[in-house]
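K.L.:
Input structure: data_26.pdb, which contains PDB, C-alpha atoms.
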ATOM      1  CA  MET A  26    -151.712-158.035 125.426
ATOM      2  CA  LEU A  27    -152.172-155.528 122.596
ATOM      3  CA  LYS A  28    -155.633-154.444 121.552
ATOM      4  CA  GLN A  29    -157.014-156.214 118.512
ATOM      5  CA  SER A  30    -157.965-154.306 115.383
ATOM      6  CA  ALA A  31    -161.636-153.380 115.223
ATOM      7  CA  SER A  32    -163.782-153.286 112.089
ATOM      8  CA  TYR A  33    -165.364-149.998 111.013
ATOM      9  CA  GLU A  34    -168.692-151.316 112.262
ATOM     10  CA  GLN A  35    -167.156-152.037 115.670
ATOM     11  CA  GLN A  36    -165.527-148.609 115.751
ATOM     12  CA  ILE A  37    -168.858-146.916 115.026
ATOM     13  CA  ALA A  38    -170.531-149.032 117.712
ATOM     14  CA  LYS A  39    -167.860-147.925 120.203
ATOM     15  CA  LEU A  40    -168.426-144.262 119.385
ATOM     16  CA  LEU A  41    -172.173-144.681 119.877
ATOM     17  CA  GLU A  42    -171.621-146.577 123.112
ATOM     18  CA  HIS A  43    -169.537-143.709 124.478
ATOM     19  CA  GLY A  44    -172.270-141.169 123.709
ATOM     20  CA  CYS A  45    -171.317-139.784 120.294
ATOM     21  CA  THR A  46    -174.191-138.834 118.002
ATOM     22  CA  ILE A  47    -173.776-140.113 114.435
ATOM     23  CA  SER A  48    -176.378-138.934 111.950
ATOM     24  CA  ASP A  49    -174.832-140.608 108.892
ATOM     25  CA  GLU A  50    -173.036-143.885 109.563
ATOM     26  CA  ALA A  51    -171.922-144.226 105.933
ATOM     27  CA  PHE A  52    -170.166-140.858 106.158
ATOM     28  CA  CYS A  53    -168.685-141.832 109.509
ATOM     29  CA  GLU A  54    -167.261-145.053 108.063
ATOM     30  CA  ASP A  55    -165.830-143.136 105.113
ATOM     31  CA  VAL A  56    -164.043-140.730 107.460
ATOM     32  CA  LEU A  57    -162.721-143.574 109.612
ATOM     33  CA  SER A  58    -161.366-145.298 106.510
ATOM     34  CA  ARG A  59    -159.540-142.130 105.395
ATOM     35  CA  VAL A  60    -158.364-140.778 108.742
ATOM     36  CA  SER A  61    -158.349-143.779 111.122
ATOM     37  CA  TYR A  62    -160.162-144.150 114.416
ATOM     38  CA  TYR A  63    -156.957-143.646 116.408
ATOM     39  CA  ARG A  64    -156.043-140.295 114.840
ATOM     40  CA  LEU A  65    -159.600-139.004 115.070
ATOM     41  CA  SER A  66    -159.899-140.083 118.705
ATOM     42  CA  ALA A  67    -157.523-137.259 119.695
ATOM     43  CA  TYR A  68    -160.187-134.746 118.666
ATOM     44  CA  PHE A  69    -162.740-136.446 120.920
ATOM     45  CA  LEU A  70    -160.600-135.662 123.981
ATOM     46  CA  THR A  71    -162.193-132.212 124.184
ATOM     47  CA  PHE A  72    -165.555-133.888 124.841
ATOM     48  CA  LYS A  73    -164.398-136.802 127.015
ATOM     49  CA  MET A  74    -165.579-136.933 130.629
ATOM     50  CA  LYS A  75    -163.910-138.631 133.598
ATOM     51  CA  ASP A  76    -166.001-141.779 133.197
ATOM     52  CA  GLY A  77    -164.789-142.217 129.609
ATOM     53  CA  ARG A  78    -168.054-141.197 127.999
ATOM     54  CA  TYR A  79    -168.499-138.137 125.804
ATOM     55  CA  ALA A  80    -170.364-135.079 127.001
ATOM     56  CA  ASP A  81    -173.988-134.602 125.926
ATOM     57  CA  GLY A  82    -174.218-133.105 122.455
ATOM     58  CA  THR A  83    -170.994-134.661 121.169
ATOM     59  CA  ASP A  84    -171.588-134.994 117.450
ATOM     60  CA  PHE A  85    -169.377-136.868 114.992
ATOM     61  CA  ASN A  86    -169.746-134.186 112.323
ATOM     62  CA  LYS A  87    -168.546-131.525 114.753
ATOM     63  CA  VAL A  88    -165.532-133.605 115.755
ATOM     64  CA  TYR A  89    -164.673-134.117 112.109
ATOM     65  CA  MET A  90    -164.896-130.352 111.622
ATOM     66  CA  LEU A  91    -162.264-129.940 114.350
ATOM     67  CA  TYR A  92    -160.057-132.392 112.480
ATOM     68  CA  GLU A  93    -160.509-130.493 109.218
ATOM     69  CA  PHE A  94    -159.835-127.160 110.920
ATOM     70  CA  ASP A  95    -156.629-128.577 112.371
ATOM     71  CA  ARG A  96    -155.532-130.009 109.018
ATOM     72  CA  LYS A  97    -156.045-126.720 107.186
ATOM     73  CA  LEU A  98    -154.400-124.796 110.002
ATOM     74  CA  ARG A  99    -151.262-126.969 109.821
ATOM     75  CA  ARG A 100    -151.098-126.437 106.067
ATOM     76  CA  LEU A 101    -151.343-122.660 106.464
ATOM     77  CA  LEU A 102    -148.731-122.496 109.201
ATOM     78  CA  PHE A 103    -146.349-124.859 107.434
ATOM     79  CA  SER A 104    -146.321-122.540 104.424
ATOM     80  CA  VAL A 105    -145.397-119.557 106.614
ATOM     81  CA  LEU A 106    -142.764-121.567 108.488
ATOM     82  CA  GLU A 107    -141.232-122.709 105.202
ATOM     83  CA  GLU A 108    -140.745-119.071 104.191
ATOM     84  CA  LEU A 109    -139.290-118.260 107.585
ATOM     85  CA  GLU A 110    -136.908-121.215 107.389
ATOM     86  CA  VAL A 111    -135.580-120.066 104.012
ATOM     87  CA  TYR A 112    -135.128-116.530 105.363
ATOM     88  CA  ILE A 113    -133.230-117.658 108.454
ATOM     89  CA  ARG A 114    -131.029-119.952 106.372
ATOM     90  CA  ALA A 115    -130.141-117.069 104.048
ATOM     91  CA  GLN A 116    -129.445-114.633 106.889
ATOM     92  CA  LEU A 117    -127.292-116.957 108.985
ATOM     93  CA  SER A 118    -125.219-118.212 106.058
ATOM     94  CA  TYR A 119    -124.643-114.671 104.777
ATOM     95  CA  TYR A 120    -123.569-113.366 108.176
ATOM     96  CA  HIS A 121    -121.320-116.301 109.045
ATOM     97  CA  THR A 122    -119.566-116.600 105.690
ATOM     98  CA  HIS A 123    -118.859-112.878 105.444
ATOM     99  CA  LYS A 124    -117.220-112.965 108.853
ATOM    100  CA  TYR A 125    -115.506-116.365 108.856
ATOM    101  CA  GLY A 126    -115.373-117.439 105.217
ATOM    102  CA  ALA A 127    -117.183-120.058 103.181
ATOM    103  CA  ASP A 128    -115.843-122.934 105.296
ATOM    104  CA  GLY A 129    -115.631-121.109 108.633
ATOM    105  CA  TYR A 130    -118.348-123.380 110.000
ATOM    106  CA  LEU A 131    -115.766-126.182 110.011
ATOM    107  CA  ASN A 132    -113.633-124.363 112.591
ATOM    108  CA  PRO A 133    -114.820-125.054 116.174
ATOM    109  CA  ALA A 134    -113.209-121.773 117.294
ATOM    110  CA  ASN A 135    -116.053-119.948 115.540
ATOM    111  CA  PHE A 136    -118.630-121.371 117.951
ATOM    112  CA  ASN A 137    -119.260-121.079 121.671
ATOM    113  CA  TYR A 138    -118.418-123.544 124.437
ATOM    114  CA  HIS A 139    -121.739-125.390 124.031
ATOM    115  CA  HIS A 140    -120.679-126.505 120.569
ATOM    116  CA  ASN A 141    -119.817-130.182 120.162
ATOM    117  CA  HIS A 142    -117.866-130.090 116.924
ATOM    118  CA  LEU A 143    -117.478-133.848 116.530
ATOM    119  CA  ASP A 144    -121.227-134.284 116.803
ATOM    120  CA  PHE A 145    -121.800-131.353 114.438
ATOM    121  CA  ALA A 146    -119.400-132.790 111.848
ATOM    122  CA  SER A 147    -121.081-136.177 112.158
ATOM    123  CA  ARG A 148    -124.501-134.650 111.574
ATOM    124  CA  LEU A 149    -123.206-132.795 108.519
ATOM    125  CA  ASN A 150    -121.770-136.026 107.150
ATOM    126  CA  ASP A 151    -125.080-137.806 107.716
ATOM    127  CA  LEU A 152    -126.909-135.015 105.874
ATOM    128  CA  VAL A 153    -124.613-135.313 102.877
ATOM    129  CA  ASN A 154    -124.888-139.112 102.801
ATOM    130  CA  SER A 155    -128.673-139.123 103.063
ATOM    131  CA  ASN A 156    -129.005-136.522 100.288
ATOM    132  CA  ASP A 157    -126.251-137.779  97.969
ATOM    133  CA  LYS A 158    -128.633-138.029  94.995
ATOM    134  CA  LEU A 159    -129.411-134.313  94.971
ATOM    135  CA  PRO A 160    -127.652-132.601  92.041
ATOM    136  CA  PHE A 161    -125.949-129.894  94.109
ATOM    137  CA  VAL A 162    -124.699-132.484  96.618
ATOM    138  CA  THR A 163    -123.355-134.708  93.840
ATOM    139  CA  HIS A 164    -121.696-131.695  92.208
ATOM    140  CA  HIS A 165    -119.830-130.633  95.335
ATOM    141  CA  ALA A 166    -118.994-134.205  96.275
ATOM    142  CA  THR A 167    -117.318-134.909  92.943
ATOM    143  CA  LYS A 168    -115.858-131.540  91.948
ATOM    144  CA  TYR A 169    -114.898-130.237  95.396
ATOM    145  CA  HIS A 170    -114.198-133.532  97.226
ATOM    146  CA  ARG A 171    -117.218-133.219  99.552
ATOM    147  CA  GLN A 172    -116.301-129.680 100.565
ATOM    148  CA  PHE A 173    -119.325-127.421 100.843
ATOM    149  CA  PRO A 174    -119.525-123.671 101.447
ATOM    150  CA  LEU A 175    -121.908-122.866 104.279
ATOM    151  CA  TRP A 176    -124.608-121.436 101.996
ATOM    152  CA  VAL A 177    -124.702-124.776 100.173
ATOM    153  CA  ILE A 178    -124.602-127.199 103.114
ATOM    154  CA  MET A 179    -127.208-125.097 104.917
ATOM    155  CA  GLU A 180    -129.707-126.031 102.221
ATOM    156  CA  LEU A 181    -129.742-129.432 103.930
ATOM    157  CA  PHE A 182    -130.273-128.029 107.426
ATOM    158  CA  THR A 183    -133.567-128.668 109.162
ATOM    159  CA  PHE A 184    -135.246-125.860 111.073
ATOM    160  CA  GLY A 185    -133.903-127.495 114.214
ATOM    161  CA  MET A 186    -130.330-127.414 112.928
ATOM    162  CA  LEU A 187    -130.685-123.740 112.043
ATOM    163  CA  SER A 188    -131.899-123.076 115.567
ATOM    164  CA  TYR A 189    -128.984-124.981 117.098
ATOM    165  CA  PHE A 190    -126.510-123.292 114.752
ATOM    166  CA  TYR A 191    -127.634-119.901 116.006
ATOM    167  CA  ALA A 192    -127.600-121.044 119.640
ATOM    168  CA  GLU A 193    -123.980-122.234 119.250
ATOM    169  CA  MET A 194    -122.608-119.136 117.535
ATOM    170  CA  LEU A 195    -120.199-116.974 119.503
ATOM    171  CA  THR A 196    -121.958-114.555 121.852
ATOM    172  CA  PRO A 197    -120.966-111.384 119.930
ATOM    173  CA  ASP A 198    -122.309-112.970 116.752
ATOM    174  CA  GLN A 199    -125.536-113.992 118.453
ATOM    175  CA  LYS A 200    -126.013-110.430 119.668
ATOM    176  CA  ARG A 201    -125.448-108.898 116.237
ATOM    177  CA  VAL A 202    -127.775-111.326 114.506
ATOM    178  CA  ALA A 203    -130.449-110.916 117.194
ATOM    179  CA  HIS A 204    -130.268-107.130 117.047
ATOM    180  CA  ASN A 205    -129.835-106.587 113.302
ATOM    181  CA  ILE A 206    -131.932-109.420 111.893
ATOM    182  CA  PHE A 207    -134.446-110.521 114.516
ATOM    183  CA  LYS A 208    -134.810-107.153 116.318
ATOM    184  CA  ALA A 209    -134.654-108.977 119.631
ATOM    185  CA  SER A 210    -132.381-110.009 122.468
ATOM    186  CA  VAL A 211    -130.376-113.225 122.210
ATOM    187  CA  SER A 212    -132.573-115.035 124.723
ATOM    188  CA  GLU A 213    -135.715-113.984 122.848
ATOM    189  CA  ALA A 214    -134.295-115.019 119.469
ATOM    190  CA  LYS A 215    -133.231-118.444 120.746
ATOM    191  CA  SER A 216    -136.580-119.001 122.403
ATOM    192  CA  TRP A 217    -138.578-117.999 119.330
ATOM    193  CA  LEU A 218    -136.452-120.155 117.032
ATOM    194  CA  TYR A 219    -136.993-123.111 119.347
ATOM    195  CA  CYS A 220    -140.756-122.480 119.364
ATOM    196  CA  CYS A 221    -140.818-122.289 115.568
ATOM    197  CA  THR A 222    -138.829-125.515 115.309
ATOM    198  CA  ASN A 223    -141.322-127.270 117.559
ATOM    199  CA  LEU A 224    -144.325-125.898 115.643
ATOM    200  CA  ARG A 225    -142.771-126.738 112.293
ATOM    201  CA  ASN A 226    -142.212-130.349 113.380
ATOM    202  CA  MET A 227    -145.774-130.637 114.637
ATOM    203  CA  CYS A 228    -147.102-129.377 111.304
ATOM    204  CA  ALA A 229    -144.770-131.562 109.247
ATOM    205  CA  HIS A 230    -145.761-134.704 111.132
ATOM    206  CA  SER A 231    -149.497-133.964 111.182
ATOM    207  CA  ARG A 232    -149.689-133.616 114.953
ATOM    208  CA  ARG A 233    -152.729-132.094 116.571
ATOM    209  CA  LEU A 234    -152.604-128.346 117.213
ATOM    210  CA  TYR A 235    -156.155-127.889 118.468
ATOM    211  CA  ASN A 236    -156.431-128.124 122.254
ATOM    212  CA  SER A 237    -152.801-129.220 122.562
ATOM    213  CA  VAL A 238    -150.423-128.234 125.337
ATOM    214  CA  PHE A 239    -147.131-127.106 123.815
ATOM    215  CA  SER A 240    -143.839-128.087 125.437
ATOM    216  CA  VAL A 241    -142.120-124.799 124.559
ATOM    217  CA  ILE A 242    -142.987-121.377 125.980
ATOM    218  CA  PRO A 243    -141.821-118.360 123.926
ATOM    219  CA  ALA A 244    -139.978-115.640 125.817
ATOM    220  CA  LYS A 245    -141.302-112.134 126.346
ATOM    221  CA  ILE A 246    -144.086-111.854 123.802
ATOM    222  CA  PRO A 247    -146.662-109.144 124.617
ATOM    223  CA  ASN A 248    -150.348-110.032 124.851
ATOM    224  CA  VAL A 249    -149.761-113.709 125.622
ATOM    225  CA  ASP A 250    -151.271-114.393 129.042
ATOM    226  CA  LYS A 251    -150.458-117.315 131.336
ATOM    227  CA  PRO A 252    -153.212-119.688 130.104
ATOM    228  CA  ALA A 253    -152.176-119.136 126.464
ATOM    229  CA  GLU A 254    -148.389-119.468 126.801
ATOM    230  CA  ARG A 255    -148.502-123.219 126.128
ATOM    231  CA  LYS A 256    -151.172-122.964 123.454
ATOM    232  CA  LEU A 257    -151.011-122.450 119.711
ATOM    233  CA  PHE A 258    -151.513-118.682 119.976
ATOM    234  CA  ALA A 259    -148.152-118.236 121.723
ATOM    235  CA  ALA A 260    -146.358-120.346 119.114
ATOM    236  CA  ILE A 261    -147.852-118.337 116.250
ATOM    237  CA  MET A 262    -146.849-115.125 117.983
ATOM    238  CA  ALA A 263    -143.256-116.406 118.055
ATOM    239  CA  VAL A 264    -143.487-116.970 114.287
ATOM    240  CA  ARG A 265    -144.871-113.443 113.947
ATOM    241  CA  GLU A 266    -141.894-111.960 115.802
ATOM    242  CA  LEU A 267    -139.384-113.597 113.442
ATOM    243  CA  TYR A 268    -141.311-113.342 110.168
ATOM    244  CA  PRO A 269    -139.516-110.711 108.025
ATOM    245  CA  ASP A 270    -142.259-109.362 105.752
ATOM    246  CA  THR A 271    -144.837-107.258 107.600
ATOM    247  CA  GLU A 272    -146.952-106.525 104.534
ATOM    248  CA  LYS A 273    -147.061-110.167 103.463
ATOM    249  CA  TRP A 274    -147.994-111.266 106.974
ATOM    250  CA  ASN A 275    -150.846-108.764 107.142
ATOM    251  CA  THR A 276    -152.157-109.135 103.583
ATOM    252  CA  GLU A 277    -151.586-112.856 102.915
ATOM    253  CA  PHE A 278    -151.377-114.786 106.173
ATOM    254  CA  MET A 279    -153.823-112.843 108.332
ATOM    255  CA  PRO A 280    -156.809-112.889 105.913
ATOM    256  CA  VAL A 281    -156.487-116.659 105.435
ATOM    257  CA  MET A 282    -156.205-117.237 109.170
ATOM    258  CA  SER A 283    -159.235-115.049 109.794
ATOM    259  CA  ALA A 284    -161.252-116.834 107.100
ATOM    260  CA  LEU A 285    -160.323-120.218 108.576
ATOM    261  CA  ILE A 286    -161.434-119.178 112.050
ATOM    262  CA  ASP A 287    -164.708-117.878 110.613
ATOM    263  CA  GLU A 288    -165.300-121.031 108.559
ATOM    264  CA  TYR A 289    -165.095-123.274 111.609
ATOM    265  CA  SER A 290    -166.464-120.869 114.227
ATOM    266  CA  GLU A 291    -169.384-123.201 114.985
ATOM    267  CA  ALA A 292    -167.066-126.066 115.902
ATOM    268  CA  ILE A 293    -164.002-124.522 117.535
ATOM    269  CA  LEU A 294    -163.510-122.744 120.831
ATOM    270  CA  LEU A 295    -160.835-120.042 120.706
ATOM    271  CA  LYS A 296    -159.669-120.875 124.231
ATOM    272  CA  HIS A 297    -158.572-124.301 123.024
ATOM    273  CA  ILE A 298    -155.948-122.667 120.809
ATOM    274  CA  GLY A 299    -155.220-119.872 123.280
ATOM    275  CA  PHE A 300    -156.684-117.159 121.041
ATOM    276  CA  PRO A 301    -158.208-114.134 122.815
ATOM    277  CA  GLN A 302    -161.435-112.765 121.370
ATOM    278  CA  ASP A 303    -159.536-109.841 119.826
ATOM    279  CA  TRP A 304    -156.725-112.072 118.563
ATOM    280  CA  GLU A 305    -156.498-110.275 115.197
ATOM    281  CA  THR A 306    -155.508-107.017 116.892
ATOM    282  CA  TYR A 307    -152.567-108.715 118.598
ATOM    283  CA  MET A 308    -151.491-110.992 115.765
ATOM    284  CA  ARG A 309    -151.343-108.317 113.084
ATOM    285  CA  LYS A 310    -147.813-106.944 112.626
TER     286      LYS A 310
END
Could the structure of this file be written out as structure tokens, please?
P.N.:
Amino acid sequence: MLKQSASYEQQIAKLLEHGCTISDEAFCEDVLSRVSYYRLSAYFLTFKMKDGRYADGTDFNKVYMLYEFDRKLRRLLFSVLEELEVYIRAQLSYYHTHKYGADGYLNPANFNYHHNHLDFASRLNDLVNSNDKLPFVTHHATKYHRQFPLWVIMELFTFGMLSYFYAEMLTPDQKRVAHNIFKASVSEAKSWLYCCTNLRNMCAHSRRLYNSVFSVIPAKIPNVDKPAERKLFAAIMAVRELYPDTEKWNTEFMPVMSALIDEYSEAILLKHIGFPQDWETYMRK
């Protein structure tokens, strides 16, 4: 039988019963009404003991600070990932169309043996159908009979589709793109793109970054030790490797990240996001 919905008063009583200190119950109820008990409960996991109770000193305000840190962190990273996504889209479409033509993506011979062209064509068709109200989609659907040059159809690609597109390019093309654009090997480029896809999806869907174990491990990134390879630090370092603008990374992203860490230094533990104490030295490009 499913659990029954609890009132805010019952939720507060449950938190108190499990050992959480609540100094302002009105504030606590306000947070629960805006965030939900279920979403906030993920941030209590850091303090949860084997018997289900929270460790001594667990304070609701501190847990809410973790939630706010996570929310602001996702917003910051999503902005960087959006820029990276646009860059990768531009680079891949430029390379592919100059080698194979505007519609070369429709020829399965221009992809490797992993490529399932029927599935790819079906996904493209679904993208067009689900975005048929966009002006540029309507324009190409009516004037060009649903024929799209790659640089146009790629505007509909998700980060994941961009990652898969690169992974299914012919090996010589993968090598040229990896070397000339990403300054990496093919295996590194594919790994980092996959990591960025995973991080982007977590940010877009408001999933918890703090004290999370990531399913994807980036390949061959210096200064990421074993305990941190499945933490946020490793994922951000993968973004760093692919991000094209060194000056912008150092002068726009890094100061905001540093300020965010400082703002919530009383609530967060760097080990829970895999950050070493001298993380700024490693993360700066």
K.L.:
When the PyMOL selection byres ((chain A and resi 229) around 12) is applied to the structure above, which residues does it catch, written out as an mmCIF file with C-alpha atoms, in the coordinates of the input?
P.N.:
data_model
loop_
_atom_site.group_PDB
_atom_site.id
_atom_site.type_symbol
_atom_site.label_atom_id
_atom_site.label_comp_id
_atom_site.auth_asym_id
_atom_site.auth_seq_id
_atom_site.Cartn_x
_atom_site.Cartn_y
_atom_site.Cartn_z
ATOM 1 C CA ARG A 96 -155.532 -130.009 109.018
ATOM 2 C CA LEU A 98 -154.400 -124.796 110.002
ATOM 3 C CA ARG A 99 -151.262 -126.969 109.821
ATOM 4 C CA ARG A 100 -151.098 -126.437 106.067
ATOM 5 C CA LEU A 101 -151.343 -122.660 106.464
ATOM 6 C CA LEU A 102 -148.731 -122.496 109.201
ATOM 7 C CA PHE A 103 -146.349 -124.859 107.434
ATOM 8 C CA SER A 104 -146.321 -122.540 104.424
ATOM 9 C CA LEU A 106 -142.764 -121.567 108.488
ATOM 10 C CA GLU A 107 -141.232 -122.709 105.202
ATOM 11 C CA THR A 183 -133.567 -128.668 109.162
ATOM 12 C CA PHE A 184 -135.246 -125.860 111.073
ATOM 13 C CA CYS A 221 -140.818 -122.289 115.568
ATOM 14 C CA THR A 222 -138.829 -125.515 115.309
ATOM 15 C CA ASN A 223 -141.322 -127.270 117.559
ATOM 16 C CA LEU A 224 -144.325 -125.898 115.643
ATOM 17 C CA ARG A 225 -142.771 -126.738 112.293
ATOM 18 C CA ASN A 226 -142.212 -130.349 113.380
ATOM 19 C CA MET A 227 -145.774 -130.637 114.637
ATOM 20 C CA CYS A 228 -147.102 -129.377 111.304
ATOM 21 C CA HIS A 230 -145.761 -134.704 111.132
ATOM 22 C CA SER A 231 -149.497 -133.964 111.182
ATOM 23 C CA ARG A 232 -149.689 -133.616 114.953
ATOM 24 C CA ARG A 233 -152.729 -132.094 116.571
ATOM 25 C CA LEU A 234 -152.604 -128.346 117.213
#
K.L.:
Restricting the calculation to only C-alpha atoms, which member of A:Lys124, A:Glu180, A:Gly77, A:Tyr68 is positioned closest to A:Lys39?
P.N.:
A:Gly77
K.L.:
Show me a table, sorted first by chain and then by increasing residue number, of the residues of stretch 75-194 of chain A having an atom at most 8 Å from stretch 47-58 of chain A, each with its shortest atom pair and the distance in Å to one decimal, counting all atoms listed in the file and written as a Markdown table.
P.N.:
| residue | atom | partner | partner_atom | distance |
| --- | --- | --- | --- | --- |
| A:Asp84 | CA | A:Ile47 | CA | 6.3 |
| A:Phe85 | CA | A:Ile47 | CA | 5.5 |
| A:Asn86 | CA | A:Ile47 | CA | 7.5 |
K.L.:
With C-alpha atoms retained, export the selected residues as a PDB file, in the frame of the given file.
P.N.:
ATOM      1  CA  ASP A  84    -171.588-134.994 117.450  1.00  0.00           C
ATOM      2  CA  PHE A  85    -169.377-136.868 114.992  1.00  0.00           C
ATOM      3  CA  ASN A  86    -169.746-134.186 112.323  1.00  0.00           C
TER       4      ASN A  86
END
K.L.:
Have a look at atom CA of A:Gly126 and atom CA of A:Leu195 and let me know their distance in Å, one decimal.
P.N.:
15.1 Å
K.L.:
Where does the PyMOL selection byres ((chain A and resi 251-256) around 9) land in this file, that is, which residues does it pick, as a PyMOL selection string?
P.N.:
chain A and resi 234-243+249-250+257-260+296-301
K.L.:
Considering only C-alpha atoms, return as a list in words whatever protein or nucleic-acid residues lie within 6 Å of stretch 134-146 of chain A, sequence-local ones (same chain, fewer than 3 positions apart) excluded.
P.N.:
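Skipping anything fewer than 3 positions along the chain leaves Leu149, Glu193, Met194 and Leu195 of chain A.
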K.L.:
Considering only C-alpha atoms, can you say which of A:Arg309, A:His121, A:Lys87, A:Lys215 comes closest to A:Leu175?
P.N.:
A:His121
K.L.:
Would you mind telling me which residue in A:Ile293, A:Cys45, A:Leu40, A:Val281 lies nearest to A:Glu305 when using all atoms listed in the file?
P.N.:
A:Val281
K.L.:
Hey, can you check how far atom CA of A:Arg265 sits from atom CA of A:Val105?
P.N.:
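Computing the Euclidean distance for atom CA of A:Arg265 and atom CA of A:Val105 yields 9.6 Å.
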